[in-house]
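Shown below: data-v5.txt, with compact mmCIF, C-alpha atoms.
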# COMPACT_ATOMS: atom_id res chain seq x y z
CA MET A 30 -48.64 93.10 -104.63
CA PRO A 31 -50.57 90.54 -102.55
CA ILE A 32 -54.24 91.36 -101.96
CA ASN A 33 -56.10 89.13 -99.52
CA ILE A 34 -59.87 89.19 -99.74
CA GLU A 35 -62.18 88.39 -96.82
CA GLU A 36 -65.96 88.48 -96.59
CA LYS A 37 -67.25 90.51 -93.61
CA ASP A 38 -70.93 91.32 -93.04
CA GLY A 39 -71.70 90.93 -96.72
CA VAL A 40 -68.76 93.16 -97.74
CA LYS A 41 -65.71 91.94 -99.66
CA VAL A 42 -62.81 93.47 -97.76
CA CYS A 43 -59.60 93.62 -99.83
CA TYR A 44 -56.34 94.06 -97.93
CA ALA A 45 -53.71 95.71 -100.13
CA GLU A 46 -50.07 95.39 -99.04
CA GLY A 47 -46.97 97.30 -100.16
CA ASP A 48 -46.49 100.18 -102.57
CA ILE A 49 -48.93 100.59 -105.44
CA ASP A 50 -46.73 101.91 -108.21
CA ILE A 51 -46.10 101.60 -111.91
CA ASN A 52 -44.76 98.07 -111.43
CA SER A 53 -47.51 96.73 -109.19
CA SER A 54 -50.60 98.59 -110.38
CA PRO A 55 -51.20 96.22 -113.38
CA GLN A 56 -51.47 93.36 -110.81
CA VAL A 57 -53.88 95.43 -108.71
CA LYS A 58 -55.97 96.01 -111.82
CA LYS A 59 -56.09 92.24 -112.52
CA VAL A 60 -57.28 91.44 -108.98
CA PHE A 61 -60.08 94.01 -109.14
CA ASP A 62 -61.05 93.03 -112.70
CA LYS A 63 -61.97 89.62 -111.21
CA VAL A 64 -63.95 91.27 -108.41
CA VAL A 65 -65.78 93.34 -111.04
CA GLN A 66 -66.42 90.27 -113.21
CA ALA A 67 -68.01 88.55 -110.18
CA LYS A 68 -70.24 91.65 -109.90
CA SER A 69 -69.52 91.97 -106.17
CA GLY A 70 -71.98 94.46 -104.74
CA LYS A 71 -70.07 95.88 -101.77
CA VAL A 72 -66.29 96.11 -101.85
CA LEU A 73 -63.97 97.78 -99.36
CA ILE A 74 -60.25 98.27 -100.02
CA ASN A 75 -58.36 98.43 -96.73
CA MET A 76 -55.20 100.45 -97.44
CA LYS A 77 -53.56 99.92 -94.03
CA GLY A 78 -50.62 98.09 -95.60
CA VAL A 79 -50.04 100.60 -98.40
CA GLY A 80 -47.19 103.03 -97.78
CA TYR A 81 -47.21 104.79 -101.14
CA ILE A 82 -49.38 105.05 -104.22
CA ASP A 83 -48.21 106.71 -107.43
CA SER A 84 -50.35 108.20 -110.16
CA SER A 85 -50.59 104.89 -112.04
CA GLY A 86 -52.06 103.40 -108.84
CA LEU A 87 -54.47 106.30 -108.42
CA ALA A 88 -55.51 106.01 -112.07
CA THR A 89 -56.03 102.25 -111.58
CA PHE A 90 -58.36 102.95 -108.66
CA VAL A 91 -60.31 105.45 -110.80
CA GLU A 92 -60.69 102.82 -113.53
CA VAL A 93 -61.79 100.21 -110.99
CA LEU A 94 -64.35 102.65 -109.55
CA LYS A 95 -65.70 103.35 -113.06
CA ASN A 96 -66.11 99.60 -113.63
CA PHE A 97 -67.91 99.17 -110.28
CA ARG A 98 -70.27 102.02 -111.01
CA ALA A 99 -71.07 100.58 -114.44
CA TYR A 100 -73.01 97.69 -112.85
CA GLY A 101 -74.13 99.48 -109.69
CA GLY A 102 -71.47 98.06 -107.33
CA LYS A 103 -70.28 100.07 -104.37
CA LEU A 104 -66.58 100.67 -103.67
CA LYS A 105 -65.13 102.24 -100.55
CA LEU A 106 -61.61 102.81 -99.23
CA CYS A 107 -60.40 102.90 -95.63
CA ASN A 108 -57.27 103.20 -93.44
CA LEU A 109 -55.31 105.52 -95.73
CA SER A 110 -51.98 106.67 -94.28
CA SER A 111 -51.54 110.43 -94.17
CA LYS A 112 -49.11 110.27 -97.10
CA VAL A 113 -51.48 108.22 -99.26
CA LYS A 114 -54.41 110.45 -98.24
CA SER A 115 -52.48 113.57 -99.26
CA LEU A 116 -51.86 112.05 -102.71
CA PHE A 117 -55.62 111.55 -103.11
CA GLU A 118 -56.14 115.16 -102.03
CA ILE A 119 -53.54 116.68 -104.39
CA THR A 120 -55.19 114.97 -107.34
CA LYS A 121 -58.66 115.90 -105.99
CA LEU A 122 -59.63 112.22 -105.94
CA GLU A 123 -60.68 112.31 -102.29
CA LYS A 124 -63.95 113.82 -103.55
CA LEU A 125 -64.46 110.97 -106.02
CA PHE A 126 -63.94 108.12 -103.55
CA ASP A 127 -65.87 107.24 -100.44
CA ILE A 128 -63.06 107.19 -97.85
CA SER A 129 -63.46 106.10 -94.21
CA ASP A 130 -60.96 106.23 -91.37
CA THR A 131 -61.56 102.68 -90.14
CA GLU A 132 -62.75 99.36 -91.53
CA GLU A 133 -65.64 99.14 -89.03
CA GLU A 134 -66.85 102.61 -89.94
CA ALA A 135 -66.69 101.80 -93.65
CA ILE A 136 -68.56 98.46 -93.32
CA LYS A 137 -71.26 100.10 -91.20
CA ALA A 138 -71.73 102.83 -93.79
CA PHE A 139 -72.46 100.48 -96.74
CA MET B 15 -29.76 118.61 -85.64
CA GLU B 16 -31.53 116.57 -88.31
CA GLU B 17 -29.13 115.31 -90.99
CA LYS B 18 -30.30 116.30 -94.48
CA GLU B 19 -30.32 113.56 -97.08
CA VAL B 20 -28.08 114.31 -100.05
CA ILE B 21 -29.83 113.21 -103.24
CA ILE B 22 -27.34 114.56 -105.80
CA GLU B 23 -23.67 115.19 -105.18
CA VAL B 24 -21.38 116.77 -107.75
CA LYS B 25 -17.75 116.15 -106.80
CA ASP B 26 -14.94 118.17 -108.31
CA ILE B 27 -16.11 118.09 -111.92
CA TYR B 28 -13.88 119.32 -114.74
CA LYS B 29 -15.09 119.48 -118.33
CA LYS B 30 -13.56 120.83 -121.55
CA PHE B 31 -15.26 121.23 -124.91
CA GLY B 32 -12.42 121.51 -127.44
CA ASN B 33 -9.93 123.94 -125.95
CA ARG B 34 -12.53 125.65 -123.86
CA GLN B 35 -12.65 124.81 -120.17
CA ILE B 36 -16.36 124.83 -119.27
CA LEU B 37 -16.34 123.45 -115.72
CA SER B 38 -13.32 123.86 -113.44
CA GLY B 39 -13.80 121.92 -110.23
CA VAL B 40 -17.51 122.16 -109.45
CA ASN B 41 -18.73 120.81 -106.11
CA LEU B 42 -22.39 120.90 -105.19
CA LYS B 43 -24.82 119.00 -102.98
CA VAL B 44 -28.58 118.92 -103.53
CA TYR B 45 -30.70 117.83 -100.59
CA LYS B 46 -33.88 115.79 -100.78
CA GLY B 47 -37.00 117.91 -101.20
CA GLU B 48 -35.27 121.23 -101.78
CA THR B 49 -35.36 123.50 -104.80
CA MET B 50 -31.79 124.27 -105.82
CA VAL B 51 -31.33 127.01 -108.39
CA ILE B 52 -28.06 127.24 -110.30
CA MET B 53 -27.72 130.77 -111.60
CA GLY B 54 -25.11 132.39 -113.76
CA GLY B 55 -24.63 134.33 -116.96
CA SER B 56 -24.88 132.90 -120.46
CA GLY B 57 -21.94 130.59 -121.15
CA CYS B 58 -20.98 130.16 -117.48
CA GLY B 59 -21.45 126.39 -117.73
CA LYS B 60 -24.77 126.01 -115.93
CA SER B 61 -26.50 124.02 -118.69
CA THR B 62 -23.39 121.83 -118.98
CA LEU B 63 -23.54 121.22 -115.24
CA LEU B 64 -27.21 120.23 -115.58
CA ARG B 65 -26.34 117.84 -118.41
CA HIS B 66 -23.77 116.18 -116.15
CA MET B 67 -26.43 115.78 -113.47
CA VAL B 68 -28.82 114.01 -115.85
CA GLY B 69 -26.05 111.84 -117.24
CA THR B 70 -26.05 113.03 -120.86
CA VAL B 71 -22.50 114.41 -120.55
CA LYS B 72 -19.64 112.70 -118.73
CA PRO B 73 -17.04 114.73 -116.88
CA ASP B 74 -13.33 114.70 -117.88
CA SER B 75 -12.68 114.17 -114.19
CA GLY B 76 -14.76 114.19 -111.04
CA SER B 77 -18.05 112.41 -110.39
CA VAL B 78 -21.79 112.89 -110.10
CA TYR B 79 -23.58 110.77 -107.52
CA MET B 80 -27.34 110.43 -107.70
CA ARG B 81 -29.02 108.69 -104.76
CA GLY B 82 -25.54 107.47 -103.82
CA GLN B 83 -24.75 105.94 -107.21
CA ASN B 84 -21.83 107.16 -109.28
CA MET B 85 -23.47 107.88 -112.64
CA ALA B 86 -20.27 107.21 -114.60
CA GLU B 87 -20.17 103.64 -113.26
CA LEU B 88 -23.69 102.76 -114.40
CA ASP B 89 -24.33 100.80 -117.59
CA GLU B 90 -27.23 101.71 -119.91
CA ASN B 91 -29.71 99.61 -117.88
CA GLY B 92 -28.57 101.24 -114.64
CA LEU B 93 -28.86 104.70 -116.17
CA ASP B 94 -32.31 103.85 -117.54
CA ALA B 95 -33.51 102.76 -114.10
CA LEU B 96 -32.13 105.96 -112.61
CA ARG B 97 -33.67 108.11 -115.34
CA LYS B 98 -37.13 106.78 -114.44
CA LYS B 99 -36.66 108.55 -111.13
CA PHE B 100 -36.25 111.97 -112.66
CA GLY B 101 -38.01 114.24 -115.13
CA ILE B 102 -36.63 117.07 -117.23
CA LEU B 103 -38.32 120.24 -118.41
CA PHE B 104 -36.31 121.34 -121.41
CA GLN B 105 -35.78 124.98 -122.28
CA SER B 106 -37.89 124.74 -125.43
CA GLY B 107 -40.43 122.37 -123.93
CA ALA B 108 -39.07 119.81 -126.44
CA LEU B 109 -42.49 118.50 -127.41
CA PHE B 110 -42.91 116.28 -130.46
CA ASP B 111 -44.55 118.62 -132.99
CA SER B 112 -46.28 115.83 -134.89
CA LEU B 113 -47.97 114.43 -131.77
CA THR B 114 -50.96 115.77 -129.83
CA VAL B 115 -50.58 116.98 -126.25
CA LYS B 116 -51.96 113.65 -125.03
CA GLU B 117 -49.62 111.60 -127.20
CA ASN B 118 -46.65 113.64 -125.98
CA LEU B 119 -47.51 112.63 -122.42
CA CYS B 120 -48.40 109.04 -123.31
CA MET B 121 -45.00 108.33 -124.87
CA ALA B 122 -43.07 108.10 -121.62
CA LEU B 123 -45.82 106.10 -119.93
CA ARG B 124 -46.01 103.58 -122.77
CA GLU B 125 -42.24 103.27 -123.00
CA HIS B 126 -41.57 102.63 -119.33
CA ALA B 127 -44.60 100.70 -118.13
CA LYS B 128 -47.13 98.08 -119.15
CA LEU B 129 -50.30 99.98 -118.38
CA ASP B 130 -53.73 99.70 -120.02
CA GLU B 131 -54.59 102.54 -122.38
CA ASN B 132 -57.57 103.44 -120.14
CA ILE B 133 -55.21 103.88 -117.17
CA ILE B 134 -52.79 105.95 -119.27
CA SER B 135 -55.66 108.22 -120.39
CA ILE B 136 -56.69 108.82 -116.76
CA MET B 137 -53.07 109.58 -115.81
CA VAL B 138 -52.76 112.08 -118.67
CA LYS B 139 -55.90 113.89 -117.45
CA MET B 140 -54.54 113.96 -113.88
CA LYS B 141 -51.19 115.40 -115.00
CA LEU B 142 -52.79 118.02 -117.25
CA GLU B 143 -55.11 119.04 -114.40
CA LEU B 144 -52.03 119.64 -112.21
CA VAL B 145 -50.67 122.12 -114.77
CA GLY B 146 -54.09 123.64 -115.53
CA LEU B 147 -54.40 122.26 -119.05
CA ARG B 148 -57.05 119.55 -118.83
CA GLY B 149 -59.16 119.65 -121.97
CA PHE B 150 -56.19 120.43 -124.22
CA GLU B 151 -55.36 116.77 -124.89
CA ALA B 152 -56.25 116.82 -128.59
CA LEU B 153 -54.33 119.97 -129.53
CA MET B 154 -51.05 119.96 -131.45
CA PRO B 155 -48.02 121.82 -130.03
CA SER B 156 -48.27 124.34 -132.90
CA GLN B 157 -51.68 125.36 -131.53
CA LEU B 158 -50.24 126.21 -128.10
CA SER B 159 -48.63 129.40 -126.78
CA GLY B 160 -45.07 129.31 -125.40
CA GLY B 161 -46.34 129.18 -121.84
CA MET B 162 -48.75 126.36 -122.61
CA LYS B 163 -45.97 124.38 -124.26
CA LYS B 164 -43.89 124.80 -121.12
CA ARG B 165 -46.79 123.58 -119.01
CA VAL B 166 -47.27 120.52 -121.25
CA GLY B 167 -43.51 119.94 -120.97
CA LEU B 168 -43.88 120.13 -117.20
CA ALA B 169 -46.81 117.68 -117.22
CA ARG B 170 -44.63 115.33 -119.28
CA ALA B 171 -41.69 115.81 -116.90
CA ILE B 172 -43.85 114.63 -113.98
CA ALA B 173 -45.66 111.89 -115.94
CA MET B 174 -43.66 109.12 -114.27
CA ASP B 175 -43.94 110.58 -110.72
CA PRO B 176 -40.26 111.50 -110.56
CA GLU B 177 -38.36 112.09 -107.32
CA ILE B 178 -36.30 114.80 -108.99
CA VAL B 179 -37.21 117.31 -111.70
CA PHE B 180 -34.58 119.26 -113.61
CA TYR B 181 -35.59 122.56 -115.16
CA ASP B 182 -33.48 124.12 -117.91
CA GLU B 183 -34.26 127.84 -118.11
CA PRO B 184 -37.94 127.28 -117.23
CA THR B 185 -39.05 130.89 -117.72
CA THR B 186 -36.87 131.96 -120.66
CA GLY B 187 -38.89 133.49 -123.49
CA LEU B 188 -42.09 133.85 -121.46
CA ASP B 189 -43.93 137.04 -120.59
CA PRO B 190 -43.72 138.07 -116.91
CA ILE B 191 -47.17 136.73 -116.02
CA MET B 192 -46.55 133.34 -117.64
CA ALA B 193 -43.10 133.22 -116.03
CA GLY B 194 -44.84 133.75 -112.68
CA VAL B 195 -47.33 130.98 -113.50
CA ILE B 196 -44.52 128.53 -114.32
CA ASP B 197 -42.66 129.48 -111.13
CA LYS B 198 -45.81 128.93 -109.07
CA LEU B 199 -46.31 125.53 -110.68
CA ILE B 200 -42.71 124.58 -109.92
CA LEU B 201 -43.21 125.61 -106.30
CA ASP B 202 -46.59 123.90 -105.96
CA LEU B 203 -45.45 120.64 -107.49
CA SER B 204 -42.25 120.60 -105.46
CA LYS B 205 -44.09 121.08 -102.19
CA LYS B 206 -47.21 119.04 -102.89
CA LEU B 207 -45.47 116.09 -104.48
CA SER B 208 -42.28 116.37 -102.36
CA ILE B 209 -40.16 116.60 -105.49
CA THR B 210 -36.51 117.64 -105.37
CA SER B 211 -36.01 120.35 -107.97
CA VAL B 212 -32.88 121.58 -109.72
CA ALA B 213 -33.31 124.59 -111.97
CA VAL B 214 -30.77 126.51 -114.03
CA THR B 215 -31.71 130.04 -114.89
CA HIS B 216 -30.49 133.60 -115.20
CA ASP B 217 -33.95 135.02 -114.52
CA MET B 218 -33.44 136.74 -111.16
CA ASN B 219 -37.19 137.10 -110.48
CA SER B 220 -37.55 133.38 -110.93
CA VAL B 221 -34.50 132.64 -108.75
CA PHE B 222 -35.93 134.56 -105.80
CA ARG B 223 -39.42 133.08 -106.25
CA ILE B 224 -38.56 129.38 -106.30
CA ALA B 225 -35.17 128.74 -104.69
CA ASP B 226 -34.62 127.19 -101.29
CA ARG B 227 -30.90 127.49 -101.99
CA ILE B 228 -28.99 129.18 -104.78
CA ALA B 229 -25.62 128.30 -106.33
CA MET B 230 -23.86 131.02 -108.32
CA LEU B 231 -21.76 129.62 -111.15
CA HIS B 232 -19.20 131.77 -112.91
CA GLU B 233 -16.55 130.69 -115.41
CA GLY B 234 -17.05 127.05 -114.50
CA ARG B 235 -16.73 127.51 -110.74
CA ILE B 236 -19.28 127.84 -107.95
CA LEU B 237 -18.72 131.23 -106.35
CA GLN B 238 -21.25 130.87 -103.54
CA VAL B 239 -24.03 128.58 -102.36
CA GLY B 240 -26.61 129.93 -99.97
CA THR B 241 -30.21 130.63 -99.07
CA GLN B 242 -32.05 133.53 -100.68
CA GLU B 243 -31.16 135.75 -97.72
CA GLU B 244 -27.50 134.76 -97.84
CA ILE B 245 -27.30 135.50 -101.57
CA LYS B 246 -29.18 138.81 -101.23
CA ASN B 247 -26.74 139.85 -98.49
CA THR B 248 -23.67 138.50 -100.26
CA THR B 249 -20.28 140.09 -99.75
CA ASN B 250 -18.94 138.46 -102.91
CA PRO B 251 -18.64 141.33 -105.43
CA MET B 252 -19.23 139.07 -108.45
CA VAL B 253 -22.41 137.56 -107.00
CA LYS B 254 -23.54 141.07 -106.03
CA GLN B 255 -22.92 142.38 -109.55
CA PHE B 256 -24.91 139.49 -111.04
CA ILE B 257 -27.98 139.75 -108.82
CA GLU B 258 -28.06 143.52 -109.23
CA GLY B 259 -27.54 143.27 -112.99
CA GLN B 260 -24.70 145.80 -113.04
CA PRO B 261 -22.86 146.04 -116.38
CA GLU B 262 -19.67 147.26 -114.68
CA GLY B 263 -17.89 145.33 -111.95
CA PRO B 264 -15.47 142.50 -111.30
CA VAL B 265 -17.13 140.29 -113.92
CA ASN B 266 -15.71 141.19 -117.32
CA PHE B 267 -18.15 140.81 -120.13
CA PHE B 268 -15.89 142.27 -122.80
CA MET B 269 -12.36 141.45 -123.87
CA SER B 270 -9.91 144.36 -123.69
CA LYS B 271 -9.36 146.68 -126.63
CA GLU B 272 -5.81 145.43 -127.07
CA ASP B 273 -7.01 141.84 -127.42
CA TYR B 274 -9.43 142.92 -130.10
CA LEU B 275 -6.82 144.80 -132.11
CA GLU B 276 -4.30 141.96 -131.80
CA GLU B 277 -6.98 139.57 -132.95
CA LEU B 278 -7.62 141.65 -136.06
CA ILE B 279 -4.02 141.73 -137.25
CA LYS B 280 -3.19 138.11 -136.37
Same coordinates, now as structure tokens:
Amino acid sequence: MPINIEEKDGVKVCYAEGDIDINSSPQVKKVFDKVVQAKSGKVLINMKGVGYIDSSGLATFVEVLKNFRAYGGKLKLCNLSSKVKSLFEITKLEKLFDISDTEEEAIKAF
Amino acid sequence: MEEKEVIIEVKDIYKKFGNRQILSGVNLKVYKGETMVIMGGSGCGKSTLLRHMVGTVKPDSGSVYMRGQNMAELDENGLDALRKKFGILFQSGALFDSLTVKENLCMALREHAKLDENIISIMVKMKLELVGLRGFEALMPSQLSGGMKKRVGLARAIAMDPEIVFYDEPTTGLDPIMAGVIDKLILDLSKKLSITSVAVTHDMNSVFRIADRIAMLHEGRILQVGTQEEIKNTTNPMVKQFIEGQPEGPVNFFMSKEDYLEELIK
């Protein structure tokens, strides 16, 4: 699960690629643990390259969000495919996360 | 016309237990995303058919293909990998009595994946929310009603995000309201999570609530496969007798008097 990170307008934009499932979510957790350790203030996860996320991936995102909130960091998501978005909706997580349609919209809203 | 994807294919299965022929040439296809209900009377072979589909029983002849793989040709590792793709709701719920609700759900997650305990705890809450039992994590199975046990069993069956869920008599032993609740959950989860479902049951209310297609099994053979409408309007007298619950008809539930008397003086 490669995640490239770029700095844009003071926001760390993380580009996730591939499926986030029970095999890859521990790697996702490791990447974001480092981002949390660096106490990054504004972080956006661009999900354009993610075709599927299972419940271990969703739970990993919840844990990451908890860790961000613990030090006052802000985490947003953008570019969710309709399938991934529906998985957030079924588990009611779309109300927990700040989700934008596009990267530009999300960066502007920080 | 769009070609439906076959996810399970049962090809000409025969199975004997001792001298008793249980399955006699069963053929069945289950399509991706559908809810297939296998119905039939007690002892007709439907649970045996289900056990063939999940790979716990091997046929004397014939094959079961899951996602294109012949289950009989898989080694233990291959079967394990395949089993991660499906969940089973057992008739009794099959919870571990000495473990809490949470621990019952955690077992599969700990066994099959290297996830942090924090992540596992969040997943357990998400699964229990889906079956309406969040907040019951610390209870023991003995503190739950039959319907709650079934719901915990269902949460456990979907713990690993399976593509297929098998249900063995999901509503047996439940009151009508709880049976309706379980059926609604099966429907909701199938549609929301795009799960393929295979249920065996003789509960006709349940059959007509959840099935996309129905297969009627009798004496080890499939008599008819069809949609709810096709089964309701069946011209097969045995299927008709079963769905109407008629004691008299082409299906013989009792051996003849002569057999009984011969049996006594043997």
Counting all atoms listed in the file, which residues of chain A fall within 8 Å of chain B, and what is the closest atom pair for each with its distance in Å at one decimal, ordered by chain and rising number, as a Markdown table?
| residue | atom | partner | partner_atom | distance |
| --- | --- | --- | --- | --- |
| A:Ile51 | CA | B:Ala127 | CA | 6.5 |
| A:Asn52 | CA | B:Ala127 | CA | 7.2 |
| A:Pro55 | CA | B:Leu129 | CA | 6.3 |
| A:Asp83 | CA | B:Asp175 | CA | 6.6 |
| A:Ser84 | CA | B:Met137 | CA | 6.4 |
| A:Ser85 | CA | B:Met137 | CA | 6.5 |
| A:Ala88 | CA | B:Ile133 | CA | 5.5 |
| A:Thr89 | CA | B:Ile133 | CA | 5.9 |
| A:Val91 | CA | B:Ile136 | CA | 7.7 |
| A:Glu92 | CA | B:Ile133 | CA | 6.7 |
| A:Leu116 | CA | B:Leu207 | CA | 7.8 |
| A:Ile119 | CA | B:Lys206 | CA | 6.9 |
| A:Thr120 | CA | B:Met140 | CA | 6.6 |
Query raised in the report: Skipping near chain neighbours, those fewer than 4 positions away, what residues fall within 7 Å of region 60-73 of chain A using only C-alpha atoms, listed as an MDAnalysis selection string?
Result: chainID A and resid 40:43 56 93 96:97 102:106
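Counting from CA of Ala108 (chain B), the distance to CA of Gly167 (chain B) is 7.0 Å.
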Report task. Name the residues in contact with region 150-162 of chain B at a cut-off of 7 Å, using only C-alpha atoms, excluding same-chain residues fewer than 4 positions from it; report them as a PyMOL selection string. Result -> chain B and resi 109+111+113-116+166+188+192
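Interatomic distance, CA of Met53 (chain B) to CA of Ala213 (chain B): 8.3 Å.
The residue set within 12 Å of Gln242 (chain B), counting all atoms listed in the file and dropping same-chain residues fewer than 4 places from it, reads Thr49, Met50, Val51, Met218, Asn219, Ser220, Val221, Phe222, Arg223, Ile224, Ala225, Asp226, Arg227, Ile228, Ala229, Met230, Gln238, Lys246, Asn247, Thr248 and Ile257 of chain B.
Using all atoms listed in the file for every distance, the candidate list B:Ile196, B:Met85, B:Met67, B:Cys58 yields B:Cys58 as the residue closest to Gln35 (chain B).
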Report task. Provide the CA of Glu87 (chain B) to CA of Glu48 (chain B) distance in Å, to one decimal place. Result -> 25.9 Å
So that I can look at just that part, could you write region 79-104 of chain B with N, CA and C atoms, as a PDB file, in the first residue's frame?
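This went into part.pdb:
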ATOM      1  N   TYR B  79     -17.471 -26.011  -6.769  1.00  0.00           N
ATOM      2  CA  TYR B  79     -16.559 -24.952  -7.187  1.00  0.00           C
ATOM      3  C   TYR B  79     -16.952 -23.665  -6.477  1.00  0.00           C
ATOM      4  N   MET B  80     -15.972 -23.047  -5.819  1.00  0.00           N
ATOM      5  CA  MET B  80     -16.233 -21.744  -5.228  1.00  0.00           C
ATOM      6  C   MET B  80     -15.292 -20.746  -5.879  1.00  0.00           C
ATOM      7  N   ARG B  81     -15.856 -19.674  -6.429  1.00  0.00           N
ATOM      8  CA  ARG B  81     -15.083 -18.681  -7.180  1.00  0.00           C
ATOM      9  C   ARG B  81     -14.182 -19.379  -8.199  1.00  0.00           C
ATOM     10  N   GLY B  82     -14.726 -20.427  -8.821  1.00  0.00           N
ATOM     11  CA  GLY B  82     -14.021 -21.125  -9.896  1.00  0.00           C
ATOM     12  C   GLY B  82     -13.030 -22.186  -9.445  1.00  0.00           C
ATOM     13  N   GLN B  83     -12.843 -22.315  -8.120  1.00  0.00           N
ATOM     14  CA  GLN B  83     -11.879 -23.295  -7.629  1.00  0.00           C
ATOM     15  C   GLN B  83     -12.598 -24.550  -7.143  1.00  0.00           C
ATOM     16  N   ASN B  84     -12.103 -25.703  -7.580  1.00  0.00           N
ATOM     17  CA  ASN B  84     -12.666 -26.964  -7.118  1.00  0.00           C
ATOM     18  C   ASN B  84     -12.199 -27.190  -5.676  1.00  0.00           C
ATOM     19  N   MET B  85     -13.146 -27.188  -4.736  1.00  0.00           N
ATOM     20  CA  MET B  85     -12.764 -27.237  -3.324  1.00  0.00           C
ATOM     21  C   MET B  85     -12.025 -28.516  -2.959  1.00  0.00           C
ATOM     22  N   ALA B  86     -12.345 -29.615  -3.653  1.00  0.00           N
ATOM     23  CA  ALA B  86     -11.712 -30.900  -3.341  1.00  0.00           C
ATOM     24  C   ALA B  86     -10.231 -30.900  -3.724  1.00  0.00           C
ATOM     25  N   GLU B  87      -9.845 -30.012  -4.633  1.00  0.00           N
ATOM     26  CA  GLU B  87      -8.451 -29.983  -5.089  1.00  0.00           C
ATOM     27  C   GLU B  87      -7.588 -29.027  -4.275  1.00  0.00           C
ATOM     28  N   LEU B  88      -8.189 -28.341  -3.303  1.00  0.00           N
ATOM     29  CA  LEU B  88      -7.416 -27.384  -2.506  1.00  0.00           C
ATOM     30  C   LEU B  88      -6.771 -28.076  -1.313  1.00  0.00           C
ATOM     31  N   ASP B  89      -5.518 -27.667  -1.000  1.00  0.00           N
ATOM     32  CA  ASP B  89      -4.906 -28.181   0.231  1.00  0.00           C
ATOM     33  C   ASP B  89      -5.400 -27.318   1.396  1.00  0.00           C
ATOM     34  N   GLU B  90      -4.906 -27.601   2.604  1.00  0.00           N
ATOM     35  CA  GLU B  90      -5.395 -26.873   3.791  1.00  0.00           C
ATOM     36  C   GLU B  90      -5.184 -25.363   3.668  1.00  0.00           C
ATOM     37  N   ASN B  91      -4.013 -24.970   3.109  1.00  0.00           N
ATOM     38  CA  ASN B  91      -3.736 -23.531   2.955  1.00  0.00           C
ATOM     39  C   ASN B  91      -4.717 -22.890   1.984  1.00  0.00           C
ATOM     40  N   GLY B  92      -4.986 -23.614   0.888  1.00  0.00           N
ATOM     41  CA  GLY B  92      -5.923 -23.113  -0.117  1.00  0.00           C
ATOM     42  C   GLY B  92      -7.318 -22.982   0.455  1.00  0.00           C
ATOM     43  N   LEU B  93      -7.713 -23.988   1.244  1.00  0.00           N
ATOM     44  CA  LEU B  93      -9.045 -23.952   1.867  1.00  0.00           C
ATOM     45  C   LEU B  93      -9.135 -22.811   2.874  1.00  0.00           C
ATOM     46  N   ASP B  94      -8.034 -22.618   3.630  1.00  0.00           N
ATOM     47  CA  ASP B  94      -7.998 -21.533   4.620  1.00  0.00           C
ATOM     48  C   ASP B  94      -8.194 -20.183   3.949  1.00  0.00           C
ATOM     49  N   ALA B  95      -7.479 -19.991   2.836  1.00  0.00           N
ATOM     50  CA  ALA B  95      -7.572 -18.718   2.103  1.00  0.00           C
ATOM     51  C   ALA B  95      -8.999 -18.507   1.611  1.00  0.00           C
ATOM     52  N   LEU B  96      -9.614 -19.598   1.148  1.00  0.00           N
ATOM     53  CA  LEU B  96     -10.984 -19.507   0.642  1.00  0.00           C
ATOM     54  C   LEU B  96     -11.965 -19.225   1.795  1.00  0.00           C
ATOM     55  N   ARG B  97     -11.695 -19.876   2.930  1.00  0.00           N
ATOM     56  CA  ARG B  97     -12.607 -19.714   4.080  1.00  0.00           C
ATOM     57  C   ARG B  97     -12.611 -18.285   4.625  1.00  0.00           C
ATOM     58  N   LYS B  98     -11.519 -17.547   4.385  1.00  0.00           N
ATOM     59  CA  LYS B  98     -11.500 -16.138   4.817  1.00  0.00           C
ATOM     60  C   LYS B  98     -12.522 -15.325   4.036  1.00  0.00           C
ATOM     61  N   LYS B  99     -12.920 -15.858   2.884  1.00  0.00           N
ATOM     62  CA  LYS B  99     -13.853 -15.121   2.024  1.00  0.00           C
ATOM     63  C   LYS B  99     -15.302 -15.391   2.389  1.00  0.00           C
ATOM     64  N   PHE B 100     -15.530 -16.356   3.290  1.00  0.00           N
ATOM     65  CA  PHE B 100     -16.923 -16.569   3.667  1.00  0.00           C
ATOM     66  C   PHE B 100     -17.125 -16.690   5.167  1.00  0.00           C
ATOM     67  N   GLY B 101     -18.349 -16.365   5.601  1.00  0.00           N
ATOM     68  CA  GLY B 101     -18.717 -16.469   7.002  1.00  0.00           C
ATOM     69  C   GLY B 101     -19.872 -17.442   7.137  1.00  0.00           C
ATOM     70  N   ILE B 102     -20.005 -18.011   8.326  1.00  0.00           N
ATOM     71  CA  ILE B 102     -21.091 -18.970   8.552  1.00  0.00           C
ATOM     72  C   ILE B 102     -21.859 -18.582   9.811  1.00  0.00           C
ATOM     73  N   LEU B 103     -23.166 -18.532   9.688  1.00  0.00           N
ATOM     74  CA  LEU B 103     -24.002 -18.387  10.890  1.00  0.00           C
ATOM     75  C   LEU B 103     -24.571 -19.769  11.185  1.00  0.00           C
ATOM     76  N   PHE B 104     -24.088 -20.356  12.280  1.00  0.00           N
ATOM     77  CA  PHE B 104     -24.508 -21.709  12.632  1.00  0.00           C
ATOM     78  C   PHE B 104     -25.889 -21.682  13.267  1.00  0.00           C
TER      79      PHE B 104
END
